[in-house]
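A short worksheet on the structure shown next.
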Amino acid sequence: MPINAHPDYVIAEKEFYSAQTPEEQIEKLKKMISVAPAHKGGENLRAQLRLRLKKLLEKLNKSKKTRTGSQTGIKKFEMQAVIVGNANSGKSSLLNLLTNANPEITTYQYGTTKPQIGMMNYATVQIQVIENPAIDSECYNRGLTNSADVLIILVTSIPEIKDIQGKISNKTSKQIIAFNKIDLLDSEQKRKLEATLKSKKYDFILISTKTEEGIEDLKGKIFQSFNRIRIYTKEPEMSMEKFLKEKKTKPVILNPGATIKDVAEKILHGFSDRIKETRIWGPSSKFSGQKIGITHVLKDNDIVEFKTK
């Protein structure tokens, strides 16, 4: 603090050092310059402040350019969920528990500066899960949130829910409220929390990224939120017993109401025209190995066998 500093300068200086983001620091620094001592002895101080402002602006512009480049090239998978939350809510820890990703987990604010991507293996399918930088940070990727199929809104308090939802323009994606850090609550506090969330009709789950409580249930909730069906294909020469034992093929992911033709076309465009016989095992069949037509409506976990012309 300079000698003979005005009280407004003292306040601005304190605000500058408590600022959480570069934008806030720039704003407070401009205020410091405007209220800096005007006497000749303050010229050196004002020059130092202007130089610091210049460096902050350059750093911010460089960061924005880097972010713009890093936001491109994220290939969206068939099923994509994005974790959204405030700083230090446990987003990196959650991504680590849900997927094969190994993000850096920090104890300071805004540790994640670009989206972190992982793949969640669940119920024989792969789901792309992305950690978006803190929603209250300059690194937050709005486009990523707006294009997601499912949003995992990670919170540690009830007021955060409305606050975060108010910042999200995507109103069509499914939203799961993941309430973290329940390891800090006793059983009665958990009961009251659950009752409150139910009364507000949230699709929620209570979790702890520290004890891993609720993580497996969250995986199931994420998968169910996509409302897709899994259809498996079997080679004609393979017995059903061997297929069920090995089940190495990845399922074809389709929307409810899909037909045999949809499966065939997803495997290969024009493939449905080459099919001469189709057999099916599973929930939509009347009996194992039933012969069906191309318009047959499928159900989740059906197994299909194609014979071609």
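Naming scheme: A, B, ... for chains in displayed order of the structure tokens; residues 1 onward per chain; ligands 1 onward as shown.
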
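For Asn102 in chain A, the list of residues within 12 Å, based on only C-alpha atoms and with local chain neighbours fewer than 4 positions off taken out, reads Lys91, Ser92, Ser93, Leu94, Leu95, Asn96, Leu97, Leu98, Gln116, Ile117, Gly118, Met119, Ile130 and Glu131 of chain A.
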
TODO: Name the residues in contact with range 266-278 of chain A at a cut-off of 6 Å, using only C-alpha atoms, excluding same-chain residues fewer than 2 positions from it; report them as a list in words.
DONE: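 Neighbouring residues, sequence-local ones excluded: Lys261, Val263, Ala264, Lys291, Ile292, Glu305, Phe306, Lys307, Thr308 and Lys309 of chain A.
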
Output file for the selection above: N, CA and C atoms, as a compact mmCIF listing (two decimals), in the first residue's frame:
# COMPACT_ATOMS: atom_id res chain seq x y z
N LYS A 261 -35.02 -53.61 -39.33
CA LYS A 261 -34.43 -52.84 -40.43
C LYS A 261 -33.47 -51.78 -39.89
N VAL A 263 -31.68 -51.92 -37.19
CA VAL A 263 -30.43 -52.59 -36.79
C VAL A 263 -29.56 -52.85 -38.01
N ALA A 264 -30.18 -53.43 -39.04
CA ALA A 264 -29.43 -53.79 -40.24
C ALA A 264 -28.79 -52.56 -40.90
N LYS A 291 -38.39 -66.82 -36.01
CA LYS A 291 -38.20 -66.16 -37.29
C LYS A 291 -39.10 -64.92 -37.34
N ILE A 292 -38.52 -63.80 -37.73
CA ILE A 292 -39.29 -62.55 -37.74
C ILE A 292 -39.04 -61.78 -39.03
N GLU A 305 -30.01 -62.60 -35.17
CA GLU A 305 -29.16 -63.36 -36.09
C GLU A 305 -29.63 -63.12 -37.51
N PHE A 306 -28.73 -62.68 -38.37
CA PHE A 306 -29.05 -62.42 -39.77
C PHE A 306 -28.45 -63.49 -40.68
N LYS A 307 -29.26 -63.93 -41.67
CA LYS A 307 -28.74 -64.74 -42.78
C LYS A 307 -28.97 -63.95 -44.05
N THR A 308 -27.93 -63.84 -44.85
CA THR A 308 -28.00 -62.99 -46.04
C THR A 308 -28.20 -63.79 -47.32
N LYS A 309 -28.60 -63.12 -48.36
CA LYS A 309 -28.84 -63.75 -49.68
C LYS A 309 -27.51 -64.10 -50.33

Open item on the list: Nearest residue to Thr211 in chain A out of A:Lys30, A:Lys75, A:Lys181, A:Lys198, using only C-alpha atoms?
Closed with: A:Lys181

TODO: Could you find all residues in range 31-168 of chain A that DSSP calls strand (DSSP E) from the backbone, and write them as a PyMOL selection string?
DONE: chain A and resi 80-85+116-122+125-131+150-155

Task: Distance of CA of Leu29 in chain A from CA of Lys55 in chain A, expressed in Å to one decimal place - done: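 CA of Lys55 in chain A sits 11.5 Å away from CA of Leu29 in chain A.
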
- [ ] With a distance cut-off of 9 Å and only C-alpha atoms, select the neighbouring residues of range 251-256 of chain A, excluding the residue or stretch itself and same-chain residues fewer than 4 positions from it, and output the selection as a list of chain:residue names.
- [x] A:Glu78, A:Thr124, A:Val125, A:Asn227, A:Arg228, A:Ile229, A:Arg230, A:Ile231, A:Tyr232, A:Thr233, A:Asp262, A:Val263, A:Lys266, A:Ile267, A:Val297, A:Leu298, A:Lys299, A:Asp300, A:Asn301

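Distance check against Ala148 in chain A using only C-alpha atoms: of A:Ser288, A:Gln80, A:Ser89, A:Gln126, the minimum falls on A:Gln80.
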
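Distance-wise, CA of Phe77 in chain A and CA of Gly257 in chain A end up 21.2 Å apart.
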
- [ ] Enter the distance from CA of Ile164 in chain A to CA of Ser137 in chain A, in Å, rounded to one decimal.
- [x]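 Spanning CA of Ile164 in chain A to CA of Ser137 in chain A is a straight-line distance of 12.4 Å.
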
Task: Residue nearest Asn132 in chain A - candidates A:Ile83, A:Gln165, A:Met120, A:Gly90, atoms counted: only C-alpha atoms - done: A:Ile83

- [ ] Would you please extract all alpha helix (DSSP H) residues from range 47-232 of chain A, as assigned by DSSP on the backbone, and give them as a PyMOL selection string?
- [x] chain A and resi 47-71+91-98+142-147+158-166+187-199+215-225

Could you save the residues just selected, with C-alpha atoms, as an mmCIF file, in the first residue's frame?
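This is the output file selection13.cif:
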data_model
loop_
_atom_site.group_PDB
_atom_site.id
_atom_site.type_symbol
_atom_site.label_atom_id
_atom_site.label_comp_id
_atom_site.auth_asym_id
_atom_site.auth_seq_id
_atom_site.Cartn_x
_atom_site.Cartn_y
_atom_site.Cartn_z
ATOM 1 C CA ALA A 47 3.030 3.011 -14.024
ATOM 2 C CA GLN A 48 3.449 -0.301 -12.185
ATOM 3 C CA LEU A 49 -0.321 -0.772 -12.016
ATOM 4 C CA ARG A 50 -0.740 -0.088 -15.744
ATOM 5 C CA LEU A 51 2.020 -2.577 -16.560
ATOM 6 C CA ARG A 52 0.349 -5.185 -14.377
ATOM 7 C CA LEU A 53 -2.978 -4.493 -16.108
ATOM 8 C CA LYS A 54 -1.356 -4.907 -19.519
ATOM 9 C CA LYS A 55 0.111 -8.286 -18.536
ATOM 10 C CA LEU A 56 -3.218 -9.474 -17.132
ATOM 11 C CA LEU A 57 -5.061 -8.483 -20.317
ATOM 12 C CA GLU A 58 -2.460 -10.259 -22.472
ATOM 13 C CA LYS A 59 -2.705 -13.368 -20.310
ATOM 14 C CA LEU A 60 -6.507 -13.357 -20.513
ATOM 15 C CA ASN A 61 -6.527 -12.952 -24.309
ATOM 16 C CA LYS A 62 -3.982 -15.757 -24.695
ATOM 17 C CA SER A 63 -6.074 -17.989 -22.442
ATOM 18 C CA LYS A 64 -9.211 -17.303 -24.480
ATOM 19 C CA LYS A 65 -7.431 -18.164 -27.736
ATOM 20 C CA THR A 66 -6.133 -21.410 -26.217
ATOM 21 C CA ARG A 67 -9.590 -22.297 -24.939
ATOM 22 C CA THR A 68 -11.172 -21.661 -28.324
ATOM 23 C CA GLY A 69 -8.733 -24.071 -29.911
ATOM 24 C CA SER A 70 -9.121 -26.710 -27.206
ATOM 25 C CA GLN A 71 -12.904 -26.706 -27.485
ATOM 26 C CA LYS A 91 -16.002 -32.867 -10.565
ATOM 27 C CA SER A 92 -12.536 -34.305 -11.244
ATOM 28 C CA SER A 93 -12.934 -36.902 -8.483
ATOM 29 C CA LEU A 94 -16.309 -37.932 -9.909
ATOM 30 C CA LEU A 95 -14.920 -38.267 -13.443
ATOM 31 C CA ASN A 96 -12.136 -40.443 -12.049
ATOM 32 C CA LEU A 97 -14.636 -42.742 -10.300
ATOM 33 C CA LEU A 98 -17.020 -43.005 -13.263
ATOM 34 C CA ARG A 142 -21.084 -23.460 -22.726
ATOM 35 C CA GLY A 143 -21.199 -25.181 -26.110
ATOM 36 C CA LEU A 144 -20.271 -28.504 -24.534
ATOM 37 C CA THR A 145 -23.097 -28.235 -22.017
ATOM 38 C CA ASN A 146 -25.604 -27.163 -24.671
ATOM 39 C CA SER A 147 -24.907 -30.182 -26.895
ATOM 40 C CA ILE A 158 -29.415 -27.150 -2.261
ATOM 41 C CA PRO A 159 -29.165 -23.451 -3.295
ATOM 42 C CA GLU A 160 -26.505 -24.404 -5.859
ATOM 43 C CA ILE A 161 -29.051 -26.367 -7.884
ATOM 44 C CA LYS A 162 -31.212 -23.403 -8.942
ATOM 45 C CA ASP A 163 -28.135 -21.226 -9.364
ATOM 46 C CA ILE A 164 -26.472 -23.687 -11.772
ATOM 47 C CA GLN A 165 -29.691 -24.509 -13.619
ATOM 48 C CA GLY A 166 -30.212 -20.777 -14.176
ATOM 49 C CA SER A 187 -28.174 -40.299 8.880
ATOM 50 C CA GLU A 188 -30.779 -37.767 9.992
ATOM 51 C CA GLN A 189 -29.270 -35.021 7.839
ATOM 52 C CA LYS A 190 -29.264 -37.382 4.856
ATOM 53 C CA ARG A 191 -32.910 -38.250 5.465
ATOM 54 C CA LYS A 192 -33.929 -34.583 5.563
ATOM 55 C CA LEU A 193 -31.855 -33.795 2.490
ATOM 56 C CA GLU A 194 -33.425 -36.643 0.540
ATOM 57 C CA ALA A 195 -36.927 -35.553 1.600
ATOM 58 C CA THR A 196 -36.252 -31.970 0.467
ATOM 59 C CA LEU A 197 -34.919 -33.048 -2.925
ATOM 60 C CA LYS A 198 -37.896 -35.373 -3.427
ATOM 61 C CA SER A 199 -40.331 -32.581 -2.569
ATOM 62 C CA ILE A 215 -21.319 -44.077 -7.382
ATOM 63 C CA GLU A 216 -22.560 -47.402 -8.812
ATOM 64 C CA ASP A 217 -26.161 -46.232 -8.503
ATOM 65 C CA LEU A 218 -25.212 -43.028 -10.304
ATOM 66 C CA LYS A 219 -23.743 -45.068 -13.175
ATOM 67 C CA GLY A 220 -27.046 -46.889 -13.528
ATOM 68 C CA LYS A 221 -29.005 -43.633 -13.432
ATOM 69 C CA ILE A 222 -26.768 -42.121 -16.121
ATOM 70 C CA PHE A 223 -27.298 -45.125 -18.412
ATOM 71 C CA GLN A 224 -31.076 -45.131 -17.879
ATOM 72 C CA SER A 225 -31.271 -41.397 -18.607
#

- [ ] Write out as a PyMOL selection string each polymer residue whose atoms come within 9 Å of Lys174 in chain A, counting only C-alpha atoms; drop sequence neighbours fewer than 5 positions from it.
- [x] chain A and resi 148-152+225-226

Generate a file of the selected residues that holds C-alpha atoms, formatted as a PDB file, in the first residue's frame.
ATOM      1  CA  ALA A 148     -24.896 -32.841 -24.147  1.00  0.00           C
ATOM      2  CA  ASP A 149     -27.555 -35.568 -23.991  1.00  0.00           C
ATOM      3  CA  VAL A 150     -27.349 -35.852 -20.200  1.00  0.00           C
ATOM      4  CA  LEU A 151     -26.113 -33.300 -17.652  1.00  0.00           C
ATOM      5  CA  ILE A 152     -24.766 -34.401 -14.284  1.00  0.00           C
ATOM      6  CA  SER A 225     -31.271 -41.397 -18.607  1.00  0.00           C
ATOM      7  CA  PHE A 226     -30.368 -41.969 -22.252  1.00  0.00           C
TER       8      PHE A 226
END

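Counting only C-alpha atoms, the residue from A:Ala134, A:Ala38, A:Ile176, A:Glu24 that sits nearest to Ala81 in chain A is A:Ile176.
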
Task: Closest of A:Ile303, A:Ala87, A:Leu45, A:Pro283 to Lys250 in chain A - atom-to-atom distances counting only C-alpha atoms - done: A:Ile303
